[in-house]
file run.pdb (PDB, C-alpha atoms and all ligand atoms)
ATOM      1  CA  MET A   1      80.916  86.335 119.498
ATOM      2  CA  SER A   2      84.563  87.230 118.892
ATOM      3  CA  ASN A   3      85.153  90.731 117.610
ATOM      4  CA  SER A   4      88.288  89.903 115.701
ATOM      5  CA  ASP A   5      88.905  88.075 112.460
ATOM      6  CA  SER A   6      92.414  87.013 111.516
ATOM      7  CA  ARG A   7      91.545  86.236 107.880
ATOM      8  CA  PRO A   8      93.421  88.483 105.424
ATOM      9  CA  ILE A   9      92.090  91.277 103.243
ATOM     10  CA  ALA A  10      92.750  90.334  99.608
ATOM     11  CA  VAL A  11      93.690  93.170  97.248
ATOM     12  CA  PHE A  12      93.876  92.841  93.490
ATOM     13  CA  ASP A  13      95.175  95.029  90.681
ATOM     14  CA  SER A  14      96.538  94.476  87.203
ATOM     15  CA  GLY A  15      99.973  95.602  88.408
ATOM     16  CA  LEU A  16     101.645  97.895  90.907
ATOM     17  CA  GLY A  17      98.983 100.610  91.125
ATOM     18  CA  GLY A  18      96.865  98.814  93.710
ATOM     19  CA  LEU A  19      99.739  99.264  96.148
ATOM     20  CA  THR A  20      98.532 102.861  96.572
ATOM     21  CA  VAL A  21      95.396 101.300  98.091
ATOM     22  CA  VAL A  22      97.504  98.892 100.188
ATOM     23  CA  ARG A  23      99.450 101.857 101.552
ATOM     24  CA  ALA A  24      96.190 103.542 102.590
ATOM     25  CA  LEU A  25      94.868 100.299 104.112
ATOM     26  CA  MET A  26      98.038  99.872 106.149
ATOM     27  CA  ARG A  27      97.740 103.421 107.452
ATOM     28  CA  ARG A  28      94.105 103.020 108.464
ATOM     29  CA  LEU A  29      94.056  99.373 109.559
ATOM     30  CA  ALA A  30      97.209  98.405 111.427
ATOM     31  CA  GLY A  31      95.973  94.977 112.584
ATOM     32  CA  GLU A  32      95.226  93.521 109.160
ATOM     33  CA  SER A  33      97.185  91.059 107.089
ATOM     34  CA  ILE A  34      96.977  91.690 103.360
ATOM     35  CA  VAL A  35      97.396  89.361 100.399
ATOM     36  CA  TYR A  36      98.102  91.333  97.216
ATOM     37  CA  PHE A  37      97.797  90.050  93.680
ATOM     38  CA  GLY A  38      99.302  91.971  90.733
ATOM     39  CA  ASP A  39      98.572  90.488  87.305
ATOM     40  CA  THR A  40     101.816  91.945  86.006
ATOM     41  CA  ALA A  41     102.184  89.538  83.065
ATOM     42  CA  ARG A  42      98.856  90.580  81.523
ATOM     43  CA  LEU A  43      98.937  94.305  82.317
ATOM     44  CA  PRO A  44      97.693  96.697  80.989
ATOM     45  CA  TYR A  45      94.008  95.966  81.457
ATOM     46  CA  GLY A  46      93.108  99.544  80.531
ATOM     47  CA  THR A  47      93.514  98.957  76.782
ATOM     48  CA  LYS A  48      91.539  95.700  76.740
ATOM     49  CA  SER A  49      87.854  94.977  76.125
ATOM     50  CA  PRO A  50      85.423  94.628  79.052
ATOM     51  CA  ARG A  51      85.061  90.911  78.260
ATOM     52  CA  THR A  52      88.801  90.258  78.621
ATOM     53  CA  VAL A  53      89.053  92.428  81.734
ATOM     54  CA  LEU A  54      86.183  90.506  83.345
ATOM     55  CA  GLN A  55      87.749  87.174  82.468
ATOM     56  CA  PHE A  56      91.198  88.115  83.848
ATOM     57  CA  ALA A  57      89.758  89.726  86.984
ATOM     58  CA  ARG A  58      87.567  86.704  87.694
ATOM     59  CA  GLN A  59      90.601  84.413  87.461
ATOM     60  CA  CYS A  60      92.640  86.593  89.821
ATOM     61  CA  LEU A  61      89.856  86.920  92.400
ATOM     62  CA  ARG A  62      89.239  83.166  92.315
ATOM     63  CA  PHE A  63      92.941  82.666  92.983
ATOM     64  CA  LEU A  64      92.760  85.053  95.953
ATOM     65  CA  MET A  65      89.819  83.114  97.430
ATOM     66  CA  ARG A  66      92.333  80.325  98.235
ATOM     67  CA  PHE A  67      93.555  82.463 101.115
ATOM     68  CA  ASP A  68      90.105  82.531 102.716
ATOM     69  CA  PRO A  69      89.913  86.351 102.742
ATOM     70  CA  LYS A  70      87.268  88.200 104.709
ATOM     71  CA  LEU A  71      86.952  90.776 101.937
ATOM     72  CA  LEU A  72      88.106  91.312  98.351
ATOM     73  CA  VAL A  73      89.310  94.773  97.309
ATOM     74  CA  VAL A  74      89.419  95.467  93.574
ATOM     75  CA  ALA A  75      92.161  98.115  93.635
ATOM     76  CA  CYS A  76      91.908  98.748  89.909
ATOM     77  CA  ASN A  77      89.708 101.399  88.356
ATOM     78  CA  THR A  78      89.480  99.591  85.032
ATOM     79  CA  VAL A  79      88.043  96.469  86.676
ATOM     80  CA  SER A  80      85.869  98.535  89.027
ATOM     81  CA  ALA A  81      84.477 100.473  86.034
ATOM     82  CA  THR A  82      83.846  97.575  83.661
ATOM     83  CA  ALA A  83      83.372  94.372  85.656
ATOM     84  CA  LEU A  84      82.470  94.997  89.285
ATOM     85  CA  GLY A  85      78.729  94.494  88.753
ATOM     86  CA  ASP A  86      79.353  90.963  87.458
ATOM     87  CA  LEU A  87      82.066  90.094  89.949
ATOM     88  CA  ALA A  88      80.320  91.291  93.096
ATOM     89  CA  GLY A  89      77.670  88.563  92.876
ATOM     90  CA  GLU A  90      80.143  85.747  92.253
ATOM     91  CA  PHE A  91      81.903  85.545  95.602
ATOM     92  CA  THR A  92      80.859  84.626  99.114
ATOM     93  CA  VAL A  93      82.677  87.631 100.616
ATOM     94  CA  PRO A  94      82.104  91.367  99.974
ATOM     95  CA  VAL A  95      83.839  92.789  96.885
ATOM     96  CA  ILE A  96      84.792  96.468  97.227
ATOM     97  CA  GLY A  97      85.902  98.528  94.237
ATOM     98  CA  VAL A  98      87.639 101.904  94.043
ATOM     99  CA  LEU A  99      85.274 103.753  91.722
ATOM    100  CA  GLU A 100      82.320 104.480  94.008
ATOM    101  CA  PRO A 101      84.567 105.773  96.830
ATOM    102  CA  GLY A 102      86.448 107.927  94.294
ATOM    103  CA  ALA A 103      83.221 109.312  92.813
ATOM    104  CA  ALA A 104      81.895 110.155  96.298
ATOM    105  CA  ALA A 105      85.135 111.961  97.149
ATOM    106  CA  ALA A 106      84.988 113.916  93.874
ATOM    107  CA  VAL A 107      81.430 115.044  94.594
ATOM    108  CA  ALA A 108      82.363 116.107  98.133
ATOM    109  CA  ALA A 109      85.381 118.069  96.825
ATOM    110  CA  ALA A 110      83.343 119.747  94.061
ATOM    111  CA  ARG A 111      80.644 120.760  96.515
ATOM    112  CA  GLN A 112      83.239 122.281  98.828
ATOM    113  CA  GLN A 113      84.372 124.520  95.986
ATOM    114  CA  HIS A 114      80.941 125.162  94.401
ATOM    115  CA  ALA A 115      78.291 125.100  97.102
ATOM    116  CA  ALA A 116      75.554 124.320  94.569
ATOM    117  CA  GLY A 117      74.748 124.524  90.874
ATOM    118  CA  PRO A 118      76.457 123.045  87.848
ATOM    119  CA  CYS A 119      80.202 122.502  87.702
ATOM    120  CA  THR A 120      82.647 120.327  85.777
ATOM    121  CA  VAL A 121      85.279 118.100  87.309
ATOM    122  CA  GLY A 122      88.188 116.533  85.419
ATOM    123  CA  LEU A 123      88.920 112.820  85.141
ATOM    124  CA  ILE A 124      92.048 111.055  83.939
ATOM    125  CA  ALA A 125      91.913 107.279  83.567
ATOM    126  CA  THR A 126      92.615 104.370  81.256
ATOM    127  CA  GLU A 127      90.855 104.080  77.899
ATOM    128  CA  ALA A 128      88.592 101.304  79.235
ATOM    129  CA  THR A 129      87.505 103.383  82.248
ATOM    130  CA  ILE A 130      86.797 106.464  80.122
ATOM    131  CA  THR A 131      84.869 104.444  77.507
ATOM    132  CA  SER A 132      82.752 102.752  80.194
ATOM    133  CA  GLN A 133      81.330 106.129  81.320
ATOM    134  CA  ALA A 134      81.225 104.591  84.819
ATOM    135  CA  TYR A 135      82.574 107.732  86.560
ATOM    136  CA  PRO A 136      80.139 110.228  84.963
ATOM    137  CA  GLN A 137      77.301 107.820  85.745
ATOM    138  CA  ALA A 138      78.320 107.302  89.391
ATOM    139  CA  ILE A 139      78.806 111.049  89.868
ATOM    140  CA  SER A 140      75.522 111.949  88.252
ATOM    141  CA  ARG A 141      73.716 109.469  90.543
ATOM    142  CA  LEU A 142      75.177 111.387  93.499
ATOM    143  CA  ASP A 143      74.720 114.874  92.054
ATOM    144  CA  PRO A 144      73.285 115.399  88.544
ATOM    145  CA  ALA A 145      74.579 118.991  88.439
ATOM    146  CA  ILE A 146      78.206 117.829  88.354
ATOM    147  CA  HIS A 147      79.596 117.104  84.889
ATOM    148  CA  VAL A 148      82.744 115.180  84.080
ATOM    149  CA  LEU A 149      85.383 115.975  81.453
ATOM    150  CA  GLY A 150      87.359 112.784  80.980
ATOM    151  CA  ARG A 151      90.616 112.042  79.196
ATOM    152  CA  ALA A 152      92.335 108.706  78.658
ATOM    153  CA  CYS A 153      96.060 108.777  79.474
ATOM    154  CA  PRO A 154      97.389 105.447  78.184
ATOM    155  CA  LEU A 155     101.080 106.375  78.428
ATOM    156  CA  LEU A 156     101.061 106.934  82.189
ATOM    157  CA  VAL A 157     100.689 103.300  83.318
ATOM    158  CA  PRO A 158     103.653 101.971  81.291
ATOM    159  CA  MET A 159     105.835 104.853  82.491
ATOM    160  CA  ILE A 160     104.930 104.132  86.121
ATOM    161  CA  GLU A 161     105.380 100.364  85.745
ATOM    162  CA  GLU A 162     108.762 101.093  84.174
ATOM    163  CA  GLY A 163     109.773 103.058  87.254
ATOM    164  CA  ARG A 164     110.147 106.447  85.536
ATOM    165  CA  LEU A 165     110.360 109.207  88.080
ATOM    166  CA  PRO A 166     107.865 112.103  88.056
ATOM    167  CA  THR A 167     110.804 114.441  87.485
ATOM    168  CA  ASN A 168     111.770 112.663  84.249
ATOM    169  CA  ALA A 169     111.596 114.960  81.188
ATOM    170  CA  VAL A 170     109.484 112.505  79.162
ATOM    171  CA  VAL A 171     106.993 112.186  82.038
ATOM    172  CA  GLN A 172     106.789 115.970  82.330
ATOM    173  CA  ALA A 173     106.142 116.395  78.590
ATOM    174  CA  VAL A 174     103.453 113.678  78.544
ATOM    175  CA  LEU A 175     101.717 115.154  81.597
ATOM    176  CA  GLN A 176     101.772 118.621  80.062
ATOM    177  CA  GLU A 177     100.006 117.330  76.950
ATOM    178  CA  TYR A 178      97.456 115.120  78.725
ATOM    179  CA  LEU A 179      96.542 117.800  81.254
ATOM    180  CA  GLU A 180      96.113 120.641  78.747
ATOM    181  CA  PRO A 181      92.254 120.450  78.686
ATOM    182  CA  PHE A 182      92.124 120.695  82.482
ATOM    183  CA  ILE A 183      94.473 123.671  82.535
ATOM    184  CA  LYS A 184      92.200 125.420  80.007
ATOM    185  CA  LEU A 185      89.111 124.468  82.011
ATOM    186  CA  ARG A 186      90.727 125.673  85.252
ATOM    187  CA  ALA A 187      89.196 122.506  86.696
ATOM    188  CA  PRO A 188      88.364 122.814  90.404
ATOM    189  CA  SER A 189      89.167 119.140  90.853
ATOM    190  CA  LEU A 190      90.699 116.268  88.921
ATOM    191  CA  ILE A 191      89.939 112.626  89.675
ATOM    192  CA  LEU A 192      92.959 110.353  89.476
ATOM    193  CA  GLY A 193      90.822 107.572  88.015
ATOM    194  CA  CYS A 194      93.531 104.954  87.912
ATOM    195  CA  THR A 195      95.231 103.497  90.962
ATOM    196  CA  HIS A 196      98.644 104.047  89.358
ATOM    197  CA  TYR A 197      98.302 107.801  88.992
ATOM    198  CA  PRO A 198      98.747 108.893  92.649
ATOM    199  CA  ILE A 199     102.390 107.946  92.150
ATOM    200  CA  PHE A 200     102.651 110.990  89.871
ATOM    201  CA  SER A 201     100.348 113.181  91.959
ATOM    202  CA  GLU A 202     102.957 115.788  92.894
ATOM    203  CA  ALA A 203     103.989 116.229  89.263
ATOM    204  CA  ILE A 204     100.321 116.439  88.191
ATOM    205  CA  ALA A 205      99.642 119.046  90.878
ATOM    206  CA  ARG A 206     102.612 121.108  89.658
ATOM    207  CA  VAL A 207     101.314 121.143  86.078
ATOM    208  CA  LEU A 208      97.743 122.044  87.091
ATOM    209  CA  GLY A 209      98.506 124.611  89.752
ATOM    210  CA  PRO A 210      97.014 125.116  93.211
ATOM    211  CA  GLN A 211      93.419 125.814  92.102
ATOM    212  CA  THR A 212      92.899 122.144  91.142
ATOM    213  CA  HIS A 213      92.238 119.682  93.940
ATOM    214  CA  LEU A 214      93.363 116.099  93.181
ATOM    215  CA  VAL A 215      90.981 113.296  94.125
ATOM    216  CA  ASP A 216      92.672 109.996  94.905
ATOM    217  CA  SER A 217      90.378 107.059  95.651
ATOM    218  CA  ALA A 218      92.924 105.072  97.700
ATOM    219  CA  ASP A 219      92.215 106.621 101.080
ATOM    220  CA  GLU A 220      88.452 106.762 100.439
ATOM    221  CA  THR A 221      88.508 103.061  99.597
ATOM    222  CA  ALA A 222      90.438 102.281 102.793
ATOM    223  CA  LEU A 223      87.747 104.134 104.741
ATOM    224  CA  VAL A 224      84.989 102.103 103.054
ATOM    225  CA  VAL A 225      86.882  98.896 103.930
ATOM    226  CA  LYS A 226      87.214 100.052 107.525
ATOM    227  CA  GLN A 227      83.481 100.787 107.757
ATOM    228  CA  ARG A 228      82.639  97.396 106.262
ATOM    229  CA  LEU A 229      84.922  95.565 108.720
ATOM    230  CA  ALA A 230      83.280  97.464 111.568
ATOM    231  CA  THR A 231      79.826  96.306 110.370
ATOM    232  CA  MET A 232      81.122  92.743 110.081
ATOM    233  CA  HIS A 233      82.826  92.900 113.540
ATOM    234  CA  ALA A 234      85.861  91.613 111.687
ATOM    235  CA  PHE A 235      88.889  93.796 112.432
ATOM    236  CA  GLY A 236      92.230  91.981 112.474
ATOM    237  CA  PRO A 237      93.558  90.970 115.895
ATOM    238  CA  VAL A 238      97.100  92.329 116.244
ATOM    239  CA  PRO A 239      99.574  94.137 114.017
ATOM    240  CA  SER A 240     101.843  91.469 112.562
ATOM    241  CA  GLU A 241     105.500  92.067 111.835
ATOM    242  CA  GLU A 242     105.115  91.541 108.080
ATOM    243  CA  PRO A 243     101.468  92.023 107.178
ATOM    244  CA  LEU A 244     101.860  91.968 103.370
ATOM    245  CA  THR A 245     102.355  89.017 101.019
ATOM    246  CA  CYS A 246     102.449  89.702  97.265
ATOM    247  CA  TYR A 247     101.715  87.406  94.343
ATOM    248  CA  VAL A 248     102.531  88.383  90.749
ATOM    249  CA  THR A 249     102.152  86.730  87.347
ATOM    250  CA  ASP A 250     105.391  88.043  85.837
ATOM    251  CA  GLN A 251     108.745  86.913  87.165
ATOM    252  CA  GLY A 252     111.478  89.432  87.828
ATOM    253  CA  GLN A 253     112.864  91.938  90.243
ATOM    254  CA  ARG A 254     111.010  95.043  89.069
ATOM    255  CA  PHE A 255     107.837  94.592  91.108
ATOM    256  CA  GLU A 256     109.789  94.100  94.344
ATOM    257  CA  ASN A 257     112.001  97.155  93.765
ATOM    258  CA  LEU A 258     109.156  99.471  92.791
ATOM    259  CA  ALA A 259     106.808  98.147  95.468
ATOM    260  CA  ALA A 260     109.325  99.113  98.130
ATOM    261  CA  HIS A 261     109.499 102.576  96.589
ATOM    262  CA  PHE A 262     105.700 103.013  96.474
ATOM    263  CA  LEU A 263     105.060 101.682  99.961
ATOM    264  CA  GLY A 264     108.035 103.391 101.564
ATOM    265  CA  ARG A 265     109.145 100.050 103.041
ATOM    266  CA  PRO A 266     110.718  96.876 101.692
ATOM    267  CA  ILE A 267     108.442  93.947 100.875
ATOM    268  CA  ARG A 268     109.052  90.221 101.078
ATOM    269  CA  GLN A 269     109.962  88.687  97.722
ATOM    270  CA  PRO A 270     106.736  88.305  95.709
ATOM    271  CA  VAL A 271     105.565  84.789  94.900
ATOM    272  CA  TRP A 272     105.251  84.032  91.201
ATOM    273  CA  VAL A 273     102.032  82.528  89.862
ATOM    274  CA  ALA A 274     102.063  81.305  86.258
ATOM    275  CA  PRO A 275      99.176  82.884  84.282
ATOM    276  CA  GLU A 276      98.428  79.404  82.813
ATOM    277  CA  LEU A 277      97.627  78.257  86.348
ATOM    278  CA  LEU A 278      94.955  80.966  86.631
ATOM    279  CA  GLU A 279      93.536  80.114  83.233
ATOM    280  CA  SER A 280      93.378  76.372  83.882
ATOM    281  CA  ALA A 281      91.568  76.894  87.194
ATOM    282  CA  THR A 282      88.548  78.518  85.470
TER     283      THR A 282
HETATM  284  N1  LIG B 301      95.363  99.738  87.673
HETATM  285  C1  LIG B 301      94.667 100.060  86.454
HETATM  286  C2  LIG B 301      93.553 101.056  86.790
HETATM  287  O1  LIG B 301      93.415 101.514  87.910
HETATM  288  C3  LIG B 301      95.573 100.653  85.421
HETATM  289  C4  LIG B 301      96.596  99.696  84.863
HETATM  290  C5  LIG B 301      96.117  98.910  83.670
HETATM  291  O2  LIG B 301      95.761  99.482  82.629
HETATM  292  O3  LIG B 301      96.122  97.683  83.797
HETATM  293  O4  LIG B 301      92.777 101.382  85.913
END

call {"tool": "encode", "arguments": {"input": "run.pdb", "output": "structure tokens", "more": "lines below"}}
Ligand code: DGL
result
Amino acid sequence: MSNSDSRPIAVFDSGLGGLTVVRALMRRLAGESIVYFGDTARLPYGTKSPRTVLQFARQCLRFLMRFDPKLLVVACNTVSATALGDLAGEFTVPVIGVLEPGAAAAVAAARQQHAAGPCTVGLIATEATITSQAYPQAISRLDPAIHVLGRACPLLVPMIEEGRLPTNAVVQAVLQEYLEPFIKLRAPSLILGCTHYPIFSEAIARVLGPQTHLVDSADETALVVKQRLATMHAFGPVPSEEPLTCYVTDQGQRFENLAAHFLGRPIRQPVWVAPELLESAT
């Protein structure tokens, strides 16, 4: 039996944020080719109902199945929190979300700071993720003594998608207001419960101070993917020169420019997919 599998890993997010997971995958898994799908025309998902999020996510994942992926990565917390249970059973390949890896990392970080006993960790995420209660539930399954104080931060995603820098005065003011409860709590750790937020992680860390450890699910998710590929004997064969191909539902230059910034390397021009095409295929 061959130990290598040249099929791509398919990664999906509502927009740019999932690229933080792509960056981690590229660091951990040099031999893999990656197909990325950003549903940029219908973003944000985080303000929509679970029914709409499920419907959009299903359409995007079905589109990605055209590339015969060996694995689907849902690099969006909102989808992972509200729709993963339904989606996971619908595809013939494993579907990996970002929430469980993030919750496990938060528990590990909390236990490093508080060896045992009750403690409270912070969570920032979209409205849909906070409303779903999926993080507190996942964390309590792992350790019922850890409580979660969550806050929705709906302004962060549009600012990131717009390309605002973390040093921007508006960004600083918004962060200061959103993070106030965690400053008061002197939270030992804060979960960045949205794949967009690591882009602002340095600015968030500055507002919170050194006592708060930031938990970013991107690297944890890449590790879970690596473990799964090992179990499947399905690592990619050789590093290719350009391992990443991106598909987006909104036309325009912004995704390409910002993607290069987030990944620290230029990307090939993304391919545009009309949202009507996704809708008509379901
Ligand atoms: N990527 C989404 C998440 O991780 C946030 C963007 C959106 O609201 O669509 O929750």

call {"tool": "atom_distance", "arguments": {"input": "run.pdb", "atom1": "CA of Phe56 in chain A", "atom2": "CA of Glu279 in chain A"}}
result
8.4 Å

call {"tool": "resolve_selection", "arguments": {"input": "run.pdb", "expression": "the PyMOL selection byres (((not hetatm)) within 8 of (chain B and resi 301))", "output": "NGL selection string"}}
result
:A and (13-18 or 42-47 or 75-79 or 125-126 or 128-129 or 154 or 157 or 193-196)

call {"tool": "resolve_selection", "arguments": {"input": "run.pdb", "expression": "the PyMOL selection byres (((chain A and resi 212) around 8) and not hetatm)", "output": "PyMOL selection string"}}
result
chain A and resi 186-190+205+208-211+213-214

call {"tool": "write_last_selection", "arguments": {"input": "run.pdb", "atoms": "C-alpha atoms", "output": "PDB file, keeping the file's coordinate frame"}}
result
ATOM      1  CA  ARG A 186      90.727 125.673  85.252  1.00  0.00           C
ATOM      2  CA  ALA A 187      89.196 122.506  86.696  1.00  0.00           C
ATOM      3  CA  PRO A 188      88.364 122.814  90.404  1.00  0.00           C
ATOM      4  CA  SER A 189      89.167 119.140  90.853  1.00  0.00           C
ATOM      5  CA  LEU A 190      90.699 116.268  88.921  1.00  0.00           C
ATOM      6  CA  ALA A 205      99.642 119.046  90.878  1.00  0.00           C
ATOM      7  CA  LEU A 208      97.743 122.044  87.091  1.00  0.00           C
ATOM      8  CA  GLY A 209      98.506 124.611  89.752  1.00  0.00           C
ATOM      9  CA  PRO A 210      97.014 125.116  93.211  1.00  0.00           C
ATOM     10  CA  GLN A 211      93.419 125.814  92.102  1.00  0.00           C
ATOM     11  CA  HIS A 213      92.238 119.682  93.940  1.00  0.00           C
ATOM     12  CA  LEU A 214      93.363 116.099  93.181  1.00  0.00           C
TER      13      LEU A 214
END

call {"tool": "closest_residue", "arguments": {"input": "run.pdb", "among": "A:Met26, A:Val174, A:Val238, A:Ala230", "to": "Leu155 in chain A", "atoms": "all atoms listed in the file"}}
result
A:Val174

call {"tool": "resolve_selection", "arguments": {"input": "run.pdb", "expression": "the PyMOL selection byres (((chain A and resi 54) around 9) and not hetatm)", "output": "JSON, numbers by chain"}}
result
{"A": [49, 50, 51, 52, 53, 55, 56, 57, 58, 59, 79, 82, 83, 84, 86, 87]}

call {"tool": "closest_atom_pairs", "arguments": {"input": "run.pdb", "of": "range 147-256 of chain A", "to": "range 95-103 of chain A", "cutoff": "6 Å", "atoms": "all atoms listed in the file", "output": "CSV"}}
result
residue,atom,partner,partner_atom,distance
A:Ser217,CA,A:Gly102,CA,4.2
A:Glu220,CA,A:Pro101,CA,5.4
A:Thr221,CA,A:Pro101,CA,5.5

call {"tool": "residues_near_point", "arguments": {"input": "run.pdb", "point": "(97.3, 106.7, 98.1)", "cutoff": "7 Å", "atoms": "all atoms listed in the file", "output": "list in words"}}
result
Thr20, Val21, Arg23, Ala24, Pro198, Asp216, Ala218 and Asp219 of chain A

call {"tool": "residues_near_point", "arguments": {"input": "run.pdb", "point": "(108.1, 92.9, 88.2)", "cutoff": "9 Å", "atoms": "only C-alpha atoms", "output": "list of chain:residue names"}}
result
A:Gly15, A:Leu16, A:Thr40, A:Ala41, A:Glu161, A:Val248, A:Thr249, A:Asp250, A:Gln251, A:Gly252, A:Gln253, A:Arg254, A:Phe255, A:Glu256, A:Asn257, A:Leu258, A:Pro270

call {"tool": "atom_distance", "arguments": {"input": "run.pdb", "atom1": "CA of Pro237 in chain A", "atom2": "CA of Val271 in chain A"}}
result
25.0 Å

call {"tool": "residues_around", "arguments": {"input": "run.pdb", "residues": "Ala109 in chain A", "least_positions_apart": "3", "cutoff": "8 Å", "atoms": "all atoms listed in the file", "output": "list in words"}}
result
Ala105, Ala106, Gln112, Gln113, Ser189, His213 and Val215 of chain A

call {"tool": "atom_distance", "arguments": {"input": "run.pdb", "atom1": "CA of Thr167 in chain A", "atom2": "CA of Pro266 in chain A"}}
result
22.6 Å
